[in-house]
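Text of input_7.cif (mmCIF, C-alpha atoms and all ligand atoms) as supplied:
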data_data
loop_
_atom_site.label_atom_id
_atom_site.label_comp_id
_atom_site.auth_asym_id
_atom_site.auth_seq_id
_atom_site.Cartn_x
_atom_site.Cartn_y
_atom_site.Cartn_z
CA MET A 1 17.02 -102.22 22.02
CA ALA A 2 17.68 -98.46 21.95
CA LYS A 3 14.79 -96.33 20.78
CA LYS A 4 14.31 -92.74 19.78
CA ALA A 5 11.22 -90.80 18.70
CA PHE A 6 11.43 -89.86 15.02
CA ILE A 7 9.28 -86.85 14.14
CA PHE A 8 8.77 -85.89 10.52
CA ASP A 9 7.51 -82.60 9.17
CA LEU A 10 5.30 -83.18 6.11
CA ASP A 11 5.41 -80.40 3.49
CA GLY A 12 8.84 -80.30 1.86
CA VAL A 13 10.12 -83.26 3.88
CA ILE A 14 7.90 -86.22 2.98
CA VAL A 15 6.09 -84.74 -0.01
CA ASP A 16 7.00 -81.93 -2.36
CA THR A 17 3.91 -79.89 -1.50
CA ALA A 18 6.01 -76.80 -0.66
CA LYS A 19 5.86 -75.95 -4.40
CA TYR A 20 2.04 -76.13 -4.36
CA HIS A 21 1.81 -73.88 -1.30
CA TYR A 22 4.05 -71.43 -3.15
CA LEU A 23 1.97 -71.49 -6.34
CA ALA A 24 -1.28 -71.02 -4.42
CA TRP A 25 0.10 -68.06 -2.43
CA LYS A 26 1.68 -66.61 -5.56
CA LYS A 27 -1.76 -66.50 -7.19
CA ILE A 28 -3.19 -64.52 -4.26
CA ALA A 29 -0.14 -62.21 -4.16
CA ASP A 30 -0.39 -61.56 -7.92
CA THR A 31 -4.07 -60.65 -7.62
CA LEU A 32 -3.15 -58.14 -4.92
CA GLY A 33 -0.19 -56.77 -6.92
CA ILE A 34 2.31 -57.96 -4.29
CA ASN A 35 5.74 -59.10 -5.48
CA PHE A 36 6.21 -62.57 -3.98
CA THR A 37 9.37 -64.52 -4.82
CA HIS A 38 10.88 -67.91 -3.97
CA GLU A 39 13.11 -66.17 -1.42
CA HIS A 40 10.05 -64.69 0.28
CA ASN A 41 8.52 -68.16 0.24
CA GLU A 42 11.26 -69.48 2.57
CA LEU A 43 9.69 -67.33 5.30
CA LEU A 44 6.37 -69.11 4.81
CA LYS A 45 7.67 -72.64 5.07
CA GLY A 46 6.49 -74.34 8.25
CA VAL A 47 4.38 -71.32 9.10
CA SER A 48 0.58 -71.53 9.60
CA ARG A 49 -1.84 -70.52 6.87
CA VAL A 50 -3.05 -67.45 8.76
CA ARG A 51 0.48 -66.25 9.57
CA SER A 52 1.58 -66.87 5.96
CA LEU A 53 -1.08 -64.47 4.67
CA ASP A 54 0.00 -61.82 7.19
CA ILE A 55 3.62 -62.16 6.02
CA ILE A 56 2.57 -61.68 2.38
CA LEU A 57 0.40 -58.67 3.22
CA ASP A 58 3.30 -57.17 5.21
CA LEU A 59 5.58 -57.63 2.19
CA GLY A 60 3.19 -55.52 0.13
CA LYS A 61 2.50 -53.13 3.05
CA PHE A 62 -1.10 -54.10 2.45
CA ASP A 63 -3.83 -53.26 4.93
CA ALA A 64 -6.83 -55.60 4.74
CA SER A 65 -10.09 -56.22 6.57
CA GLN A 66 -10.63 -59.49 8.41
CA GLU A 67 -13.37 -60.27 5.91
CA ASP A 68 -10.97 -59.97 2.98
CA LYS A 69 -8.32 -61.99 4.79
CA ASP A 70 -10.81 -64.79 5.47
CA LYS A 71 -11.80 -64.79 1.80
CA TRP A 72 -8.16 -65.05 0.61
CA LEU A 73 -7.43 -67.83 3.12
CA VAL A 74 -10.29 -69.86 1.65
CA GLN A 75 -9.18 -69.07 -1.93
CA LYS A 76 -5.60 -70.06 -1.15
CA ASN A 77 -6.65 -73.38 0.33
CA GLU A 78 -9.00 -74.16 -2.58
CA GLU A 79 -6.21 -73.45 -5.04
CA TYR A 80 -3.78 -75.55 -2.97
CA LEU A 81 -6.23 -78.47 -2.75
CA SER A 82 -6.71 -78.39 -6.52
CA TYR A 83 -3.04 -79.41 -6.85
CA LEU A 84 -3.59 -82.37 -4.51
CA VAL A 85 -6.50 -83.96 -6.39
CA ASP A 86 -4.35 -86.44 -8.32
CA MET A 87 -1.74 -86.91 -5.62
CA ASP A 88 -0.44 -90.45 -5.08
CA GLU A 89 2.64 -92.20 -3.69
CA SER A 90 4.77 -91.01 -6.62
CA GLU A 91 4.89 -87.62 -4.86
CA ILE A 92 6.79 -89.02 -1.88
CA LEU A 93 10.21 -87.39 -1.99
CA PRO A 94 13.26 -89.52 -2.95
CA GLY A 95 14.75 -91.57 -0.13
CA VAL A 96 11.82 -91.14 2.27
CA PHE A 97 10.34 -94.64 1.82
CA PRO A 98 13.61 -96.48 2.53
CA ILE A 99 14.15 -94.46 5.73
CA LEU A 100 10.56 -94.98 6.93
CA LYS A 101 10.89 -98.71 6.19
CA TYR A 102 14.24 -98.92 7.98
CA LEU A 103 12.85 -97.17 11.07
CA LYS A 104 9.89 -99.57 11.11
CA GLU A 105 12.24 -102.54 10.75
CA LYS A 106 14.20 -101.23 13.75
CA GLN A 107 10.91 -100.75 15.64
CA GLN A 108 11.48 -97.04 16.11
CA PRO A 109 8.41 -94.92 16.88
CA ILE A 110 7.45 -92.42 14.18
CA ALA A 111 5.28 -89.30 14.41
CA LEU A 112 4.16 -86.57 12.07
CA GLY A 113 4.63 -83.00 13.31
CA SER A 114 3.12 -80.69 10.72
CA ALA A 115 1.58 -77.21 10.72
CA SER A 116 -0.80 -78.25 7.95
CA LYS A 117 -4.51 -78.78 8.40
CA ASN A 118 -4.41 -80.87 5.21
CA ALA A 119 -1.91 -83.41 6.58
CA ARG A 120 -4.21 -86.42 7.01
CA PRO A 121 -5.65 -86.42 3.46
CA ILE A 122 -2.09 -86.13 2.10
CA LEU A 123 -0.93 -89.14 4.15
CA GLU A 124 -3.97 -91.08 2.93
CA LYS A 125 -3.52 -90.17 -0.74
CA THR A 126 0.16 -91.10 -0.67
CA GLY A 127 -0.57 -94.34 1.21
CA ILE A 128 1.85 -93.80 4.11
CA MET A 129 -0.57 -93.26 6.99
CA SER A 130 0.24 -96.68 8.47
CA TYR A 131 3.90 -95.74 9.08
CA PHE A 132 2.91 -93.21 11.74
CA ASP A 133 2.33 -94.12 15.37
CA ALA A 134 1.15 -90.58 16.11
CA ILE A 135 -0.04 -87.65 14.02
CA VAL A 136 0.04 -84.07 15.21
CA ASP A 137 -1.05 -81.47 12.65
CA GLY A 138 -2.36 -77.93 12.30
CA ASN A 139 -5.69 -78.97 13.79
CA ASP A 140 -4.05 -80.00 17.08
CA VAL A 141 -1.95 -76.96 17.95
CA SER A 142 -2.60 -73.36 18.87
CA ASN A 143 0.98 -72.08 18.47
CA ALA A 144 2.72 -72.17 15.09
CA LYS A 145 6.40 -73.10 14.54
CA PRO A 146 8.93 -71.78 15.66
CA ASP A 147 6.88 -72.49 18.77
CA PRO A 148 7.82 -76.08 19.71
CA GLU A 149 4.24 -77.11 20.63
CA VAL A 150 3.68 -79.42 17.65
CA PHE A 151 6.88 -81.40 18.32
CA LEU A 152 6.41 -81.50 22.09
CA ILE A 153 2.93 -83.00 21.64
CA ALA A 154 4.30 -85.49 19.09
CA ALA A 155 7.06 -86.66 21.48
CA GLN A 156 4.57 -86.89 24.32
CA LYS A 157 2.18 -88.97 22.20
CA LEU A 158 5.03 -91.38 21.45
CA GLY A 159 5.99 -91.43 25.15
CA PHE A 160 9.49 -89.96 24.72
CA THR A 161 11.30 -86.95 26.19
CA PRO A 162 12.38 -84.07 23.91
CA GLU A 163 16.03 -85.13 24.36
CA GLU A 164 15.12 -88.56 22.97
CA SER A 165 13.43 -87.02 19.93
CA ILE A 166 14.69 -86.35 16.42
CA VAL A 167 13.04 -83.92 14.02
CA PHE A 168 13.31 -83.84 10.22
CA GLU A 169 12.50 -80.36 8.92
CA ASP A 170 12.82 -78.36 5.70
CA SER A 171 11.91 -74.97 7.17
CA ILE A 172 13.82 -72.41 9.21
CA ALA A 173 10.86 -72.04 11.59
CA GLY A 174 10.66 -75.82 12.04
CA VAL A 175 14.38 -76.22 12.76
CA GLN A 176 14.10 -73.44 15.32
CA ALA A 177 11.07 -75.15 16.89
CA ALA A 178 13.01 -78.42 17.22
CA ASN A 179 16.01 -76.61 18.73
CA ILE A 180 13.82 -74.71 21.21
CA ALA A 181 12.24 -78.05 22.17
CA LYS A 182 15.79 -79.42 22.80
CA MET A 183 15.29 -82.10 20.16
CA LEU A 184 17.91 -83.16 17.61
CA SER A 185 17.18 -81.09 14.49
CA ILE A 186 17.92 -82.52 11.06
CA GLY A 187 17.48 -80.09 8.20
CA ILE A 188 16.37 -81.39 4.82
CA GLY A 189 17.39 -78.99 2.07
CA ASP A 190 19.92 -76.22 1.65
CA ASP A 191 22.60 -76.05 4.36
CA THR A 192 22.92 -72.26 4.18
CA THR A 193 19.19 -71.74 4.69
CA LEU A 194 19.05 -74.40 7.42
CA HIS A 195 22.35 -73.59 9.14
CA GLU A 196 20.68 -73.65 12.57
CA ALA A 197 20.04 -77.40 12.27
CA LYS A 198 22.38 -79.87 14.01
CA TYR A 199 22.75 -81.81 10.74
CA VAL A 200 21.65 -80.90 7.21
CA PHE A 201 21.11 -83.27 4.28
CA GLN A 202 20.12 -82.20 0.81
CA ASP A 203 17.45 -84.91 0.79
CA PHE A 204 16.78 -88.35 2.28
CA THR A 205 18.87 -90.15 -0.35
CA HIS A 206 21.88 -88.64 1.46
CA ILE A 207 20.91 -90.21 4.80
CA ASP A 208 22.26 -93.72 5.22
CA THR A 209 21.31 -96.42 7.70
CA HIS A 210 24.64 -96.02 9.50
CA PHE A 211 23.69 -92.43 10.37
CA ILE A 212 20.25 -93.59 11.56
CA ASP A 213 21.85 -96.32 13.73
CA THR A 214 24.22 -93.76 15.24
CA ILE A 215 21.40 -91.46 16.33
CA ILE A 216 19.31 -94.37 17.61
CA ASN A 217 22.20 -95.47 19.80
CA LYS A 218 23.32 -92.00 20.89
CA ARG A 219 23.27 -91.72 24.66
CA VAL A 220 20.91 -89.15 26.12
CA ASN A 221 21.76 -87.64 29.50
C1 LIG B 301 3.25 -76.18 6.59
C2 LIG B 301 3.77 -75.54 5.32
O1 LIG B 301 3.61 -77.52 6.61
O2 LIG B 301 1.84 -76.07 6.67
C3 LIG B 301 3.28 -74.10 5.22
O3 LIG B 301 5.17 -75.58 5.31
C4 LIG B 301 1.77 -74.06 5.33
O4 LIG B 301 3.71 -73.56 4.01
C5 LIG B 301 1.33 -74.72 6.64
O5 LIG B 301 1.31 -72.72 5.34
C6 LIG B 301 -0.18 -74.77 6.80
O6 LIG B 301 -0.70 -75.63 5.84
P1 LIG B 301 -2.22 -75.75 5.42
O7 LIG B 301 -2.25 -76.97 4.54
O8 LIG B 301 -3.01 -75.94 6.69
O9 LIG B 301 -2.58 -74.48 4.72
MG MG B 302 7.93 -78.23 5.82
#
Could I get this file's structure written as structure tokens?
Amino acid sequence: MAKKAFIFDLDGVIVDTAKYHYLAWKKIADTLGINFTHEHNELLKGVSRVRSLDIILDLGKFDASQEDKDKWLVQKNEEYLSYLVDMDESEILPGVFPILKYLKEKQQPIALGSASKNARPILEKTGIMSYFDAIVDGNDVSNAKPDPEVFLIAAQKLGFTPEESIVFEDSIAGVQAANIAKMLSIGIGDDTTLHEAKYVFQDFTHIDTHFIDTIINKRVN
């Protein structure tokens, strides 16, 4: 049976945590008097916590000491975690469960490839940890997306080549990382924002099993 490595980003792909990251950053930006909009937030998606803060400070042309930066990074994460307290499986985005179940049924290997250091507690709270054969998160990598490191490690853990790997991503940086890795990039979200992806779907309810079968059976040179 043909097999491919299916690698899922977490925030904005499996769970709608992108909105919580935004709200938590917005609170920091407001305190600093920096105008931070939803458009700006696109630049933060898929990007590490440390890099996200630098992007926000750059937006406000804000110079800060390392001490202050460390303080805001802690504050941001505390605020973010406060949104996750009551998280459960109802926060799994529409269409994700059926696709995960279908991939399991077809015995396809599945990995998580996320920049987040909070990935494991989120998988536990939402009850989907057992779907993943490998987990690579922000604690395992030293280079943030668009660097392909997170996806390359995920493919390696599953025992597949990059060409045999498929990445689901909601961020520009993540789509670029998948492309740089020579993996098949599937954007989840807006097709203008994610135009660099090989395929784009608004959400997982638009992905049918026929499409999944096609990519499983696609020949790799
Ligand atoms: C990514 C998010 O998945 O994880 C980013 O898209 C976030 O917005 C990054 O900054 C790091 O997450 P965390 O949970 O370690 O702050
Ligand atoms: Mg994401």
Each chain A residue no farther than 8 Å from ligand LIG 301 (chain B), nearest pair in Å, only C-alpha atoms and all ligand atoms, as a Markdown table:
| residue | atom | partner | partner_atom | distance |
| --- | --- | --- | --- | --- |
| A:Asp9 | CA | B:LIG301 | O1 | 6.9 |
| A:Leu10 | CA | B:LIG301 | O1 | 5.9 |
| A:Asp11 | CA | B:LIG301 | O1 | 4.6 |
| A:Gly12 | CA | B:LIG301 | O3 | 6.9 |
| A:Ala18 | CA | B:LIG301 | O4 | 6.1 |
| A:His21 | CA | B:LIG301 | O4 | 5.6 |
| A:Tyr22 | CA | B:LIG301 | O4 | 7.5 |
| A:Leu44 | CA | B:LIG301 | O4 | 5.2 |
| A:Lys45 | CA | B:LIG301 | O3 | 3.9 |
| A:Gly46 | CA | B:LIG301 | O3 | 3.5 |
| A:Val47 | CA | B:LIG301 | C3 | 4.9 |
| A:Ser48 | CA | B:LIG301 | C6 | 4.3 |
| A:Arg49 | CA | B:LIG301 | O5 | 4.1 |
| A:Val50 | CA | B:LIG301 | O5 | 7.6 |
| A:Arg51 | CA | B:LIG301 | O5 | 7.8 |
| A:Ser52 | CA | B:LIG301 | O5 | 5.9 |
| A:Lys76 | CA | B:LIG301 | O9 | 7.9 |
| A:Asn77 | CA | B:LIG301 | O9 | 6.1 |
| A:Tyr80 | CA | B:LIG301 | O7 | 7.8 |
| A:Ser114 | CA | B:LIG301 | O1 | 5.2 |
| A:Ala115 | CA | B:LIG301 | O2 | 4.2 |
| A:Ser116 | CA | B:LIG301 | O6 | 3.4 |
| A:Lys117 | CA | B:LIG301 | O8 | 3.6 |
| A:Asn118 | CA | B:LIG301 | O7 | 4.5 |
| A:Ala119 | CA | B:LIG301 | O7 | 6.8 |
| A:Gly138 | CA | B:LIG301 | O8 | 6.0 |
| A:Ser171 | CA | B:LIG301 | O3 | 7.0 |
Of the residues A:Asp140, A:Glu164, A:Asp203, A:Glu149, which is the one nearest to A:Leu184, using only C-alpha atoms? A:Glu164
Two-atom distance - atom CA of A:Lys26, atom CA of A:Asp170 (Å): 19.7 Å
Within 12 Å of (-1.4, -66.5, -4.3) (coordinates as in the file), grab all the protein and nucleic acid residues, counting all atoms listed in the file, and write them out as an MDAnalysis selection string. chainID A and resid 19:37 41 49 52:53 56:57 72:80
10 Å contact set for A:Thr193, all atoms listed in the file, chain neighbours under 2 positions out, as number ranges by chain: A: 42, 170-172, 187, 189-191, 195-197, 200
Shortest interatomic distance to ligand MG 302 (chain B) - which of A:Lys106, A:Lys125, A:Lys198, A:Lys145, counting only C-alpha atoms and all ligand atoms: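 Closest to ligand MG 302 (chain B) of all the choices is A:Lys145.
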Would you mind reading off the distance between atom CA of A:Val167 and atom CA of A:Asp58, one decimal, in Å? 29.8 Å
I'd like to know which of A:Pro148, A:Gly127, A:Gly95, A:Gly113 is closest to ligand MG 302 (chain B), using only C-alpha atoms and all ligand atoms.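 Smallest distance to ligand MG 302 (chain B) is found for A:Gly113.
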Quick one: residues within 10 Å of A:Ile135, only C-alpha atoms, excluding same-chain residues fewer than 4 positions away - as a ChimeraX atom specification? /A:7-8,110-114,119-120,129,140,150,153-154,157-158
Could you state the separation of atom CA of A:Ile188 and atom CA of A:Leu100 in Å, given to one decimal place? 14.9 Å
Counting all atoms listed in the file, which residue out of A:Gly174, A:Leu59, A:Tyr102, A:Gln202 sits closest to ligand MG 302 (chain B)? A:Gly174
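In this comparison, which uses only C-alpha atoms and all ligand atoms, the residue of A:Asp208, A:Phe6, A:Asp16, A:Pro109 approaching ligand MG 302 (chain B) most closely is A:Asp16.
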Counting all atoms listed in the file, the residue among A:Asp213, A:Asp86, A:Glu124, A:Asp137 that lies closest to ligand MG 302 (chain B) is A:Asp137
I'd like the box whose edges run along x, y and z of the file and which contains every listed atom of stretch 174-187 of chain A, padded by 4 Å per side; could you state its centre and edge lengths in Å, one decimal, as AutoDock Vina command-line options?
--center_x 14.3 --center_y -78.3 --center_z 15.5 --size_x 15.3 --size_y 17.7 --size_z 22.6
